[in-house]
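**Student:** To be precise about what I am sending: the file is called input06.txt and holds compact mmCIF, C-alpha atoms.
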# COMPACT_ATOMS: atom_id res chain seq x y z
CA MET V 1248 -2.27 -1.05 -13.80
CA VAL V 1249 -4.44 2.03 -14.46
CA ALA V 1250 -7.13 3.61 -12.31
CA ILE V 1251 -10.20 2.23 -14.08
CA GLU V 1252 -9.09 -1.35 -13.36
CA LEU V 1253 -9.51 -0.86 -9.60
CA ILE V 1254 -12.99 0.70 -9.54
CA ALA V 1255 -15.16 -0.67 -6.72
CA ASP V 1256 -18.55 -1.11 -8.40
CA ALA V 1257 -20.23 -2.09 -5.13
CA ILE V 1258 -19.94 1.41 -3.64
CA PRO V 1259 -22.42 3.84 -5.24
CA PRO V 1260 -22.03 7.62 -5.04
CA VAL V 1261 -24.53 9.92 -3.32
CA HIS V 1262 -26.64 12.66 -4.87
CA THR V 1263 -27.53 16.15 -3.73
CA SER V 1264 -31.06 14.95 -2.96
CA ASP V 1265 -29.85 12.22 -0.58
CA THR V 1266 -30.27 12.85 3.14
CA ILE V 1267 -27.49 13.13 5.69
CA GLN V 1268 -28.77 9.90 7.23
CA LYS V 1269 -28.39 8.06 3.92
CA VAL V 1270 -24.84 9.35 3.52
CA TYR V 1271 -23.92 8.29 7.06
CA ASP V 1272 -25.49 4.86 6.54
CA ARG V 1273 -23.52 4.32 3.34
CA MET V 1274 -20.26 5.37 4.99
CA VAL V 1275 -20.86 2.94 7.84
CA GLU V 1276 -21.83 0.13 5.48
CA PHE V 1277 -18.64 0.40 3.43
CA ARG V 1278 -16.39 1.59 6.27
CA ILE V 1279 -15.26 4.76 4.55
CA ARG V 1280 -15.18 8.44 5.54
CA HIS V 1281 -15.66 10.02 2.11
CA LEU V 1282 -18.21 9.69 -0.70
CA PRO V 1283 -18.45 11.38 -4.08
CA ILE V 1284 -21.48 13.56 -4.78
CA VAL V 1285 -22.71 13.06 -8.33
CA ASN V 1286 -25.56 14.57 -10.32
CA GLU V 1287 -26.21 12.28 -13.28
CA ASP V 1288 -22.66 11.87 -14.63
CA GLN V 1289 -21.26 15.11 -13.22
CA PHE V 1290 -18.80 14.81 -10.33
CA LEU V 1291 -19.39 17.64 -7.84
CA GLY V 1292 -16.84 16.76 -5.18
CA LEU V 1293 -16.21 14.60 -2.14
CA VAL V 1294 -18.27 14.87 1.00
CA ALA V 1295 -16.37 13.92 4.15
CA GLU V 1296 -17.73 12.55 7.38
CA ASP V 1297 -16.38 15.63 9.16
CA ASP V 1298 -18.56 17.84 6.92
CA LEU V 1299 -21.67 16.34 8.47
CA ILE V 1300 -20.68 16.61 12.12
CA GLY V 1301 -22.83 19.11 13.97
CA GLU V 1302 -25.85 18.77 11.69
CA SER V 1303 -28.87 18.07 13.88
CA ASP V 1304 -31.47 17.17 11.24
CA TYR V 1305 -30.40 13.95 9.55
CA GLN V 1306 -33.27 14.22 7.08
CA THR V 1307 -31.75 17.31 5.51
CA ALA V 1308 -30.65 16.84 1.91
CA VAL V 1309 -26.91 16.99 1.36
CA GLY V 1310 -27.42 19.56 -1.39
CA ALA V 1311 -28.91 21.99 1.13
CA LEU V 1312 -25.74 22.09 3.22
CA ALA V 1313 -22.94 24.62 2.84
CA LEU V 1314 -20.24 22.04 2.20
CA SER V 1315 -16.60 22.89 1.58
CA LEU V 1316 -16.27 20.15 -1.02
CA VAL V 1317 -12.86 19.01 -2.17
CA ASN V 1318 -12.58 17.53 -5.62
CA PRO V 1319 -9.53 15.31 -5.89
CA TYR V 1320 -9.86 12.73 -8.63
CA VAL V 1321 -7.89 10.72 -11.16
CA LEU V 1322 -8.61 10.07 -14.81
CA GLU V 1323 -9.38 6.55 -15.93
CA ASP V 1324 -6.01 6.04 -17.67
CA GLN V 1325 -3.79 7.41 -14.90
CA HIS V 1326 -1.29 5.04 -13.30
CA ILE V 1327 -2.16 3.48 -9.97
CA TYR V 1328 0.76 5.35 -8.37
CA ASP V 1329 -1.17 8.59 -8.94
CA VAL V 1330 -4.07 7.06 -7.02
CA ILE V 1331 -1.82 6.04 -4.12
CA ARG V 1332 -0.36 9.56 -4.04
CA LEU V 1333 -3.85 11.08 -3.64
CA PHE V 1334 -4.75 8.67 -0.86
CA TYR V 1335 -1.55 9.62 0.96
CA GLU V 1336 -1.52 13.38 0.37
CA ARG V 1337 -5.24 13.99 1.06
CA GLN V 1338 -5.75 11.22 3.66
CA LEU V 1339 -8.71 9.89 1.69
CA THR V 1340 -10.66 6.65 1.97
CA VAL V 1341 -11.92 6.79 -1.63
CA VAL V 1342 -10.66 8.38 -4.85
CA PRO V 1343 -13.13 9.18 -7.68
CA VAL V 1344 -12.30 8.10 -11.23
CA LEU V 1345 -13.41 10.28 -14.17
CA ASP V 1346 -13.25 9.85 -17.93
CA GLN V 1347 -11.54 12.27 -20.31
CA LYS V 1348 -14.70 14.43 -20.41
CA ARG V 1349 -14.68 14.60 -16.59
CA ASN V 1350 -17.73 12.34 -16.26
CA TYR V 1351 -17.90 10.19 -13.16
CA LEU V 1352 -17.06 6.50 -13.73
CA GLY V 1353 -16.72 5.15 -10.21
CA LEU V 1354 -14.40 5.19 -7.23
CA ILE V 1355 -11.39 3.34 -5.86
CA SER V 1356 -11.60 2.40 -2.18
CA ILE V 1357 -8.74 2.23 0.29
CA ASN V 1358 -9.41 -1.51 0.59
CA ALA V 1359 -8.80 -1.96 -3.13
CA ILE V 1360 -5.46 -0.18 -2.79
CA THR V 1361 -4.51 -2.38 0.17
CA GLU V 1362 -5.28 -5.52 -1.82
CA TYR V 1363 -3.34 -4.22 -4.83
CA PHE V 1364 -0.32 -3.37 -2.67
CA ALA V 1365 -0.40 -6.83 -1.09
CA LYS V 1366 -0.26 -8.40 -4.54
CA ILE V 1367 2.53 -6.30 -6.05
CA THR V 1368 4.74 -6.69 -2.98
CA GLY V 1369 4.32 -10.46 -2.84
CA ILE V 1370 3.03 -10.29 0.73
CA VAL V 1371 0.59 -13.15 0.21
CA GLN V 1372 3.32 -15.47 -1.07
CA PRO V 1373 5.68 -17.38 1.24
CA GLY V 1374 9.31 -16.38 1.22
CA GLY V 1375 12.04 -14.41 2.91
CA ILE V 1376 12.77 -10.69 3.21
CA ILE V 1377 16.22 -9.12 3.06
CA VAL V 1378 16.87 -5.47 3.91
CA LEU V 1379 20.13 -4.05 2.54
CA GLU V 1380 21.79 -0.72 3.21
CA ILE V 1381 23.74 0.47 0.19
CA SER V 1382 25.26 3.60 -1.29
CA ASN V 1383 22.92 5.41 -3.66
CA LYS V 1384 25.71 5.21 -6.26
CA ASN V 1385 25.81 1.40 -6.11
CA ASN V 1386 22.14 0.64 -6.52
CA SER V 1387 22.32 -2.21 -9.02
CA LEU V 1388 19.16 -4.26 -8.86
CA ALA V 1389 20.55 -6.46 -11.62
CA HIS V 1390 23.45 -7.51 -9.39
CA MET V 1391 21.13 -8.14 -6.44
CA ALA V 1392 18.89 -10.27 -8.65
CA GLN V 1393 21.95 -12.21 -9.84
CA ILE V 1394 22.89 -13.00 -6.24
CA VAL V 1395 19.36 -14.17 -5.42
CA GLU V 1396 19.10 -16.25 -8.60
CA SER V 1397 22.45 -17.92 -7.86
CA ASP V 1398 20.60 -19.83 -5.12
CA ASN V 1399 17.77 -20.83 -7.49
CA ALA V 1400 15.47 -18.16 -6.06
CA GLN V 1401 13.72 -15.14 -7.53
CA ILE V 1402 12.89 -11.62 -6.34
CA LEU V 1403 9.11 -11.32 -5.94
CA SER V 1404 9.21 -7.60 -5.19
CA SER V 1405 11.58 -4.83 -4.19
CA TYR V 1406 11.40 -1.25 -3.04
CA VAL V 1407 13.85 1.48 -2.12
CA GLN V 1408 13.74 3.92 0.79
CA THR V 1409 15.92 7.01 0.71
CA PHE V 1410 16.82 9.30 3.61
CA PRO V 1411 17.27 13.11 3.68
CA ASP V 1412 20.87 14.33 3.79
CA SER V 1413 22.24 10.81 3.39
CA THR V 1414 24.11 8.98 0.68
CA LYS V 1415 22.70 5.69 1.92
CA MET V 1416 19.45 3.98 1.01
CA GLU V 1417 17.60 0.86 2.08
CA VAL V 1418 16.63 -1.78 -0.44
CA THR V 1419 14.05 -4.35 0.66
CA LEU V 1420 13.88 -7.59 -1.30
CA LYS V 1421 11.11 -10.18 -1.02
CA VAL V 1422 12.30 -13.53 -2.41
CA ASN V 1423 10.38 -16.73 -3.08
CA LYS V 1424 12.48 -18.82 -0.71
CA GLN V 1425 12.10 -19.18 3.04
CA ASP V 1426 15.58 -20.52 3.74
CA ILE V 1427 17.61 -17.47 2.75
CA SER V 1428 20.82 -18.33 4.62
CA ALA V 1429 22.77 -19.07 1.41
CA ILE V 1430 21.53 -15.85 -0.20
CA ILE V 1431 22.57 -13.87 2.87
CA ALA V 1432 26.02 -15.48 2.81
CA THR V 1433 26.48 -14.46 -0.83
CA PHE V 1434 25.43 -10.86 -0.11
CA LEU V 1435 27.95 -10.75 2.72
CA ARG V 1436 30.64 -12.18 0.45
CA TYR V 1437 30.03 -9.26 -1.92
CA GLU V 1438 30.30 -6.90 1.08
CA TYR V 1439 26.66 -5.83 1.20
CA ASP V 1440 25.51 -4.38 4.51
CA ILE V 1441 22.52 -6.44 5.66
CA LYS V 1442 20.32 -4.47 8.06
CA ALA V 1443 17.66 -7.12 8.68
CA THR V 1444 16.27 -10.43 7.47
CA PHE V 1445 12.87 -12.03 7.99
CA ASN V 1446 11.34 -15.37 7.11
CA ASN V 1447 8.68 -17.74 8.40
CA THR V 1448 11.24 -20.10 9.91
CA ASP V 1449 13.16 -17.50 11.91
CA HIS V 1450 11.34 -18.16 15.16
CA ASN V 1451 11.84 -21.93 15.17
CA ASP V 1452 15.42 -21.78 13.91
CA ASN V 1453 16.50 -19.15 16.42
CA SER V 1454 14.87 -21.03 19.27
CA LYS V 1455 16.74 -24.18 18.31
CA ASP V 1456 20.04 -22.29 18.07
CA ARG V 1457 19.54 -20.79 21.51
CA TYR V 1458 18.66 -24.19 22.93
CA ASP V 1459 21.75 -25.82 21.39
CA SER V 1460 23.98 -23.03 22.70
CA LEU V 1461 22.56 -23.44 26.20
CA MET V 1462 23.13 -27.22 26.15
CA ASN V 1463 26.71 -26.74 24.97
CA TYR V 1464 27.32 -24.24 27.76
CA LEU V 1465 25.91 -26.57 30.43
CA ASN V 1466 28.06 -29.44 29.17
CA LEU V 1467 31.28 -27.47 29.64
Using the file provided, produce a representation of the structure as structure tokens.

**Tutor:**
Amino acid sequence: MVAIELIADAIPPVHTSDTIQKVYDRMVEFRIRHLPIVNEDQFLGLVAEDDLIGESDYQTAVGALALSLVNPYVLEDQHIYDVIRLFYERQLTVVPVLDQKRNYLGLISINAITEYFAKITGIVQPGGIIVLEISNKNNSLAHMAQIVESDNAQILSSYVQTFPDSTKMEVTLKVNKQDISAIIATFLRYEYDIKATFNNTDHNDNSKDRYDSLMNYLNL
């Protein structure tokens, strides 16, 4: 996935001749705090909501203000991870996309990134989640996939979290099966450290287990 594939065509940029009121209205309409300022095809920078605070005359043109514009952007063929990095590092709500000649093509909204992340992590699909703690020297995704597939399941997504000054890391696996008890048993048999598990049936199953335990206790 590259940047140009996530452009939100519905959100137009603003121009130096647009009023503060128009910029505010557009930010409210699309629920964002940043907008690119463009003259023809030239990208001038991002105007932030905070840049407009304190201005009393909302009919003033944006181009007449002394704005401290920032100009973060990505090129059309950059990977989506570069886009996510800009959103995170600059705390943006939109990221402009330019072509190789630095002409403005459009923008990517934070909502588009949220939808993309939901898709690549398999959030919208039913299944179970397994969180493993492993040594960073034994990070074999192939072996983990083999364990999952041994129960006729598949890994929908995975990601790794590392920790400063630690030789351990967390691996989170999303699998396409809600009953993950057999998969968990196999991970334990291979001496994996399971930190947490989640699935849509946890609540009902745990409630039943607690109920059965209580009945057994009362029957003693």

**Student:** I need the residue nearest Pro1373 of chain V from this list: V:Val1341, V:Leu1322, V:Ala1255, V:Leu1403. Use only C-alpha atoms for the distance.

**Tutor:**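 Going through V:Val1341, V:Leu1322, V:Ala1255, V:Leu1403 one by one, the smallest distance to Pro1373 of chain V is for V:Leu1403.
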
**Student:** Could you tell me how far atom CA of Tyr1335 of chain V sits from atom CA of Glu1323 of chain V, in Å to one decimal place?

**Tutor:** 18.9 Å

**Student:** What is the distance, in Å and to one decimal place, between atom CA of Leu1299 of chain V and atom CA of Arg1337 of chain V?

**Tutor:**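 Here the two named atoms are 18.2 Å from each other.
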
**Student:** Give the answer as one residue: which of V:Asp1304, V:Gln1347, V:Gly1292, V:Gln1393 has the shortest atom-to-atom distance to Asp1324 of chain V, using all atoms listed in the file?

**Tutor:**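 Among the listed residues, V:Gln1347 lies closest to Asp1324 of chain V.
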
**Student:** So that I can see what lies close to Ile1327 of chain V, please list as a list in words the residues with an atom at most 8 Å from it, counting only C-alpha atoms and leaving out residues fewer than 6 positions away in the same chain.

**Tutor:** Met1248, Val1249 and Ala1250 of chain V

**Student:** Fewer than 2 positions away in the same chain doesn't count, so skip those; otherwise give me all residues within 7 Å of segment 1415-1424 of chain V, counting all atoms listed in the file, as a list in words.

**Tutor:**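 Listing them by chain and then by number gives Pro1373, Gly1374, Gly1375, Ile1376, Ile1377, Val1378, Leu1379, Glu1380, Ile1381, Ser1382, Asn1383, Ala1400, Gln1401, Ile1402, Leu1403, Ser1404, Ser1405, Tyr1406, Val1407, Gln1408, Thr1409, Phe1410, Ser1413, Asp1426 and Ile1427 of chain V.
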
**Student:** Work out how far apart atom CA of Asp1265 of chain V and atom CA of Arg1349 of chain V are and give it in Å to one decimal.

**Tutor:** 22.2 Å

**Student:** Of the residues V:Phe1364, V:Thr1414, V:Ala1257, V:Arg1273, which is the one nearest to Lys1384 of chain V, using all atoms listed in the file?

**Tutor:** V:Thr1414

**Student:** When distances are computed from all atoms listed in the file, which of V:Val1275, V:Ile1355, V:Val1261, V:Leu1312 shows the smallest separation from Glu1287 of chain V?

**Tutor:**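 The shortest atom-to-atom distance to Glu1287 of chain V comes from V:Val1261.
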
**Student:** Which residue gives the smallest distance to Gln1372 of chain V among V:Asn1386, V:Asn1446, V:Ile1394, V:Ile1357, with only C-alpha atoms counted?

**Tutor:**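 Among the listed residues, the smallest separation from Gln1372 of chain V belongs to V:Asn1446.
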
**Student:** Using only C-alpha atoms, which residue out of V:Leu1333, V:Ile1431, V:Leu1282, V:Ala1313 lies closest to Ile1258 of chain V?

**Tutor:**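 The closest residue to Ile1258 of chain V is V:Leu1282.
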
**Student:** May I have the residues within 8 Å of segment 1317-1319 of chain V as a PyMOL selection string, using all atoms listed in the file and disregarding those fewer than 6 positions away in the same chain?

**Tutor:** chain V and resi 1291-1294+1333+1342-1343

**Student:** With C-alpha atoms retained, export the selected residues as a PDB file, in the coordinates of the input.

**Tutor:**
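Wrote it out as part27.pdb, contents follow:
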ATOM      1  CA  LEU V1291     -19.390  17.640  -7.840  1.00  0.00           C
ATOM      2  CA  GLY V1292     -16.840  16.760  -5.180  1.00  0.00           C
ATOM      3  CA  LEU V1293     -16.210  14.600  -2.140  1.00  0.00           C
ATOM      4  CA  VAL V1294     -18.270  14.870   1.000  1.00  0.00           C
ATOM      5  CA  LEU V1333      -3.850  11.080  -3.640  1.00  0.00           C
ATOM      6  CA  VAL V1342     -10.660   8.380  -4.850  1.00  0.00           C
ATOM      7  CA  PRO V1343     -13.130   9.180  -7.680  1.00  0.00           C
TER       8      PRO V1343
END

**Student:** When you look at segment 1360-1362 of chain V with a cut-off of 10 Å (counting only C-alpha atoms), what residues show up, excluding the ones that are within fewer than 2 positions of it in the same chain? I need them as a PyMOL selection string.

**Tutor:** chain V and resi 1253+1327+1330-1331+1334+1340-1341+1355-1358+1364-1367+1370-1371

**Student:** Taking 4 positions as the minimum chain separation for residues in the same chain, which residues sit within 12 Å of Asp1346 of chain V when counting all atoms listed in the file? Answer as a list of chain:residue names.

**Tutor:**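 Neighbouring residues, sequence-local ones excluded: V:Ala1250, V:Ile1251, V:Asp1288, V:Gln1289, V:Phe1290, V:Tyr1320, V:Val1321, V:Leu1322, V:Glu1323, V:Asp1324, V:Gln1325, V:Asn1350, V:Tyr1351, V:Leu1352, V:Gly1353, V:Leu1354.
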
**Student:** Mind rebuilding segment 1406-1433 of chain V with N, CA and C atoms and writing that out as a CSV table (one decimal), in the frame of the given file?

**Tutor:**
chain,number,residue,atom,x,y,z
V,1406,TYR,N,11.6,-2.7,-3.1
V,1406,TYR,CA,11.4,-1.2,-3.0
V,1406,TYR,C,12.6,-0.6,-2.3
V,1407,VAL,N,12.7,0.7,-2.6
V,1407,VAL,CA,13.8,1.5,-2.1
V,1407,VAL,C,13.4,2.6,-1.2
V,1408,GLN,N,14.0,2.8,-0.1
V,1408,GLN,CA,13.7,3.9,0.8
V,1408,GLN,C,15.0,4.8,0.9
V,1409,THR,N,14.8,6.1,0.6
V,1409,THR,CA,15.9,7.0,0.7
V,1409,THR,C,15.8,7.9,2.0
V,1410,PHE,N,16.8,8.5,2.4
V,1410,PHE,CA,16.8,9.3,3.6
V,1410,PHE,C,17.4,10.7,3.3
V,1411,PRO,N,16.8,11.7,3.9
V,1411,PRO,CA,17.3,13.1,3.7
V,1411,PRO,C,18.7,13.3,4.2
V,1412,ASP,N,19.5,14.0,3.4
V,1412,ASP,CA,20.9,14.3,3.8
V,1412,ASP,C,21.7,13.1,4.0
V,1413,SER,N,21.5,12.0,3.2
V,1413,SER,CA,22.2,10.8,3.4
V,1413,SER,C,22.6,10.2,2.0
V,1414,THR,N,23.7,9.6,1.9
V,1414,THR,CA,24.1,9.0,0.7
V,1414,THR,C,23.8,7.5,0.7
V,1415,LYS,N,23.1,7.1,1.8
V,1415,LYS,CA,22.7,5.7,1.9
V,1415,LYS,C,21.2,5.5,1.6
V,1416,MET,N,20.9,4.3,1.2
V,1416,MET,CA,19.4,4.0,1.0
V,1416,MET,C,19.2,2.5,1.4
V,1417,GLU,N,18.0,2.2,1.7
V,1417,GLU,CA,17.6,0.9,2.1
V,1417,GLU,C,16.9,0.2,0.9
V,1418,VAL,N,17.3,-1.0,0.6
V,1418,VAL,CA,16.6,-1.8,-0.4
V,1418,VAL,C,16.0,-3.0,0.2
V,1419,THR,N,14.7,-3.2,0.1
V,1419,THR,CA,14.0,-4.4,0.7
V,1419,THR,C,13.7,-5.3,-0.5
V,1420,LEU,N,14.1,-6.6,-0.3
V,1420,LEU,CA,13.9,-7.6,-1.3
V,1420,LEU,C,13.0,-8.7,-0.7
V,1421,LYS,N,11.9,-9.0,-1.4
V,1421,LYS,CA,11.1,-10.2,-1.0
V,1421,LYS,C,11.4,-11.3,-2.0
V,1422,VAL,N,11.9,-12.4,-1.5
V,1422,VAL,CA,12.3,-13.5,-2.4
V,1422,VAL,C,11.4,-14.7,-2.2
V,1423,ASN,N,11.3,-15.6,-3.2
V,1423,ASN,CA,10.4,-16.7,-3.1
V,1423,ASN,C,11.0,-18.0,-2.4
V,1424,LYS,N,11.8,-17.7,-1.4
V,1424,LYS,CA,12.5,-18.8,-0.7
V,1424,LYS,C,12.5,-18.5,0.8
V,1425,GLN,N,12.1,-19.4,1.6
V,1425,GLN,CA,12.1,-19.2,3.0
V,1425,GLN,C,13.5,-19.4,3.7
V,1426,ASP,N,14.2,-20.3,3.2
V,1426,ASP,CA,15.6,-20.5,3.7
V,1426,ASP,C,16.5,-19.6,2.9
V,1427,ILE,N,16.8,-18.5,3.5
V,1427,ILE,CA,17.6,-17.5,2.8
V,1427,ILE,C,19.0,-17.4,3.3
V,1428,SER,N,19.5,-18.4,4.0
V,1428,SER,CA,20.8,-18.3,4.6
V,1428,SER,C,21.9,-18.3,3.5
V,1429,ALA,N,21.8,-19.1,2.5
V,1429,ALA,CA,22.8,-19.1,1.4
V,1429,ALA,C,22.8,-17.7,0.7
V,1430,ILE,N,21.6,-17.1,0.5
V,1430,ILE,CA,21.5,-15.8,-0.2
V,1430,ILE,C,22.2,-14.8,0.7
V,1431,ILE,N,22.0,-14.8,2.0
V,1431,ILE,CA,22.6,-13.9,2.9
V,1431,ILE,C,24.1,-14.0,2.8
V,1432,ALA,N,24.6,-15.3,2.8
V,1432,ALA,CA,26.0,-15.5,2.8
V,1432,ALA,C,26.6,-14.9,1.5
V,1433,THR,N,25.9,-15.0,0.4
V,1433,THR,CA,26.5,-14.5,-0.8
V,1433,THR,C,26.5,-12.9,-0.8
